[in-house]
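Taking it in order: structure first as structure tokens, then the write-up.
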Amino acid sequence: MIFNVRTCGIQTSLLWKLKGKLSFWPSTCGLREIFTFNCALGKPQEKWKHWISVVGLEVHAQIKTNSKLFSGSANKFASPANSLVSLFDCAIPGTLPVLNKHSIEAAILTALALNCNVNLISEFDRKHYFYADMPAGYQITQQRIPLAVDGHLDFAVFSPAVHKVPYKKQSKIKQLQLEQDSGKSLHEESSFGSLIDLNRAGVGLMELVFEPDLKDGEEAVACVSELVRILEFLGTCDCKMEEGSLRVDANVSVHKAGDNFGTRTEIKNLNSLRALSRSIDYEISRQIAVLENGGKIINETRGYDPQLKTTLSMRDKEEKQDYRYMPEPNLLPLNLLELKLHPSDFRARIPVLPEQQRTVLMNKYQLSLETTIQLVNGGNIGYFEDVMGALPDLPVKKVCSLLLTDMLGLLHKDERTIHQCPVHPRRFAEVVELVKNKTITHAASQNLLSILYRGDKRKPKQVVEEEGWAMINDSKKLEAICQQILSSNPKAVASFRAGKTKVFKSLSAHLNKECNNKYDMGEATQTLRRLLQERVE
């Protein structure tokens with residue numbers, strides 16, 4: 001109850017006053033932080049601009065294979081607990097790992113798509129730690145000589161609510177390594193202890209370690225979003241964060257210009273883009289607030305509570321944990337040439353990736369970066385290309401305007417994607433051509449798209465004729481309409497003559513009503529303004 005009402009000022013302030021009388025207060029993990037660092041810290045304050053934030057990501061992506069990394073057990077989500085567990089998965093003595101070749105192929109393909117250098121020989125290590133969901137007491141990973149190193153990911157950052165103008169960014173990748181996943185610990189309230197499900201134990205992971213070259217939650221989300229698109233294009237991971245097949249850890253620190261990097265904290269197991277953005281921005285603000293008040297940042301692992309919208313301390317890392325890395329004795333070095341897996345053979349399998357698609361669109365159609373982001377990142381590029389190929393010489397800006405504003409507006413209202421669009425690209429192209437030839441106005445094209453979207457089977461041109469939406473291209477009639485509006489609104493004309501130019505909006509509204517979507521409103525507005533200026537002079 002306390003946690004659920006924390007945002008209510010009266011109740012939280014009352015609880016703060018009563019903290020000394022509450023027996024649970026000292027031992028409640030993170031409760032002091034909730035009141036000391038509230039949700040307002042989720043956004044950087046103006047006075048903190050002299051601080052520089054640094055963010056580095058570690059991404060764990062489950063490899064999309066039918067079986068696990070070192071055993072033949074099936075790799076399937078939401079199966080009954082402990083139903084997909086081999087003897088090796090539960091660490092029965094005497095069992096040995098057998099490397100899944102398809103996992104190696106997926107990792108090589110991913111590494112090349114991320115511009116990494118693939119090591120022809122890599123090695124596996126044992127990383128020792130003792131958790132209940134790691135029955136062997138160690139994880140098989142690649143710490144010393146990973147599969148790939150020195151890559152980079154190019155992506156675009158664009159959040160209209162934050163930045164009106166998009167920009168490009170690059171994040172360097174230190175290494176990509178193969179490793180096995182752990183099981184799951186289930187903490188049931190009705191149970192006397194924690195329950196263990198080993199279905200996930202041994203599932204193949206690609207761990208991607210990024211360099212600390214991002215600055216905030218917005219850039220982190222843009223980076224992970226681009227990575228998700230690439231992995232989905234490649235088919236190497238399904239990237240269902242809600243199912244845990246893609247998990248992100250974020251390392252966050254702050255420092256002032258000219259100083260060394262500050263002490264970092266690690267936020268573990270972020271399983272949604274919203275959690276990634278909010279947790280990083282909150283942690284940046286929390287660290288700055290601590291330092292501004294003379295405090296010290298502790299090197300620790302923190303978790304994110306989506307209900308409280310805060311990060312909470314899990315365990316400190318002041319004393320570096322000794323994982324006792326050692327070479328995996330049951331696996332030979334991974335020699336790609338011996339397995340006939342030469343990296344050069346995989347390059348032809350890499351599809352056109354999102355960054356390449358955006359570049360092609362910008363060069364081919366002279367589109368802005370903002371528009372290409374909407375087309376590619378939103379998954380609309382296939383429909384766009386089909387429309388542009390349906391009829392020759394279509395005005396690309398008009399296509400983008402009707403597609404990204406009007407058509408997507410209709411789809412979003414019905415919670416549909418572009419792949420479920422009921423308007424065939426050819427019919428959409430015919431609508432654009434009617435606008436191009438000045439057969440209909442832009443406003444009429446919006447109405448026409450709406451009718452076609454709702455299932456009208458008539459051809460677009462037939463709809464225009466039968467509904468009486470044809471555009472009138474008669475400048476004399478248009479002038480007459482404008483003169484009538486000015487004559488009917490002498491007070492507005494007098495106000496405009498007196499310097500109150502805002503009244504033109506009122507006159508334009510009358511003009512829009514009189515034109516009734518049958519005149520080119522750009523031309524109509526210019527005509528109205530010209531005639532108004534003549535009366536003023």
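Ligands are numbered from 1 in the order shown, residues from 1 within each chain, and chains are lettered A, B, ... in the order they appear in the structure tokens.
Here the strand (DSSP E or B) residues in range 299-417 of chain A, by DSSP on the backbone, are Glu300, Thr301, Arg302, Gly303, Tyr304, Asp305, Thr310, Thr311, Leu312, Ser313, Met314, Arg315, Asp316, Met326, Pro327, Leu334 and Asn335 of chain A.
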| message | as a ChimeraX atom specification, please: the residues near range 72-80 of chain A (cut-off 10 Å, only C-alpha atoms, same-chain neighbours under 4 positions excluded). | response | /A:62-68,84-89,97-100,197,199-204,243-245
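Using only C-alpha atoms, the contacts of Asp520 in chain A at a cut-off of 9 Å, with sequence neighbours closer than 3 positions omitted, comprise Lys438, Ile440, Thr441, His442, Met471, Ile472, Asn473, Cys515, Asn517, Glu523, Ala524 and Thr525 of chain A.
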| request: Please provide as a list in words all residues within 6 Å of range 169-173 of chain A, with the sequence filter that same-chain residues fewer than 4 positions apart are discarded (counting only C-alpha atoms). | output: Asp150, Gly151, His152, Leu153, Asp154, Phe155, Ala156, Val209, Phe210 and Glu211 of chain A
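Neighbours of range 374-383 of chain A closer than or equal to 10 Å, with only C-alpha atoms counted and sequence neighbours fewer than 6 positions away skipped, come out as A:Ala156, A:Phe158, A:Ser225, A:Glu226, A:Arg229, A:Leu353, A:Pro354, A:Glu355, A:Gln356, A:Gln357, A:Arg358, A:Leu361, A:Gly389, A:Cys400, A:Leu403, A:Leu404, A:Leu408, A:Thr417, A:Ile418, A:His419, A:Cys421, A:His424, A:Pro425, A:Phe428.
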| query | as a PyMOL selection string, which residues of range 24-259 of chain A does DSSP assign to alpha helix (DSSP H)? | reply | chain A and resi 31-36+101-113+217-234
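Neighbouring residues of Ile298 in chain A at 7 Å or closer, counting only C-alpha atoms and skipping chain neighbours under 2 positions away, are A:Thr263, A:Lys296, A:Glu300.
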| said: Could you check the closest approach to Leu291 in chain A for each of A:Arg315, A:Lys256, A:Lys174, A:Arg529 and tell me which residue wins, using only C-alpha atoms? | reply: A:Lys256
| Computed interatomic separation between CA of Ala136 in chain A and CA of Ser182 in chain A (Å) | 10.1 Å
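Using only C-alpha atoms, the smallest distance between any of A:Leu486, A:Met407, A:Leu176, A:Ala470 and Arg144 in chain A comes from A:Leu176.
Using only C-alpha atoms for every distance, the candidate list A:Leu205, A:Met241, A:Ala107, A:Ser194 yields A:Leu205 as the residue closest to Gln180 in chain A.
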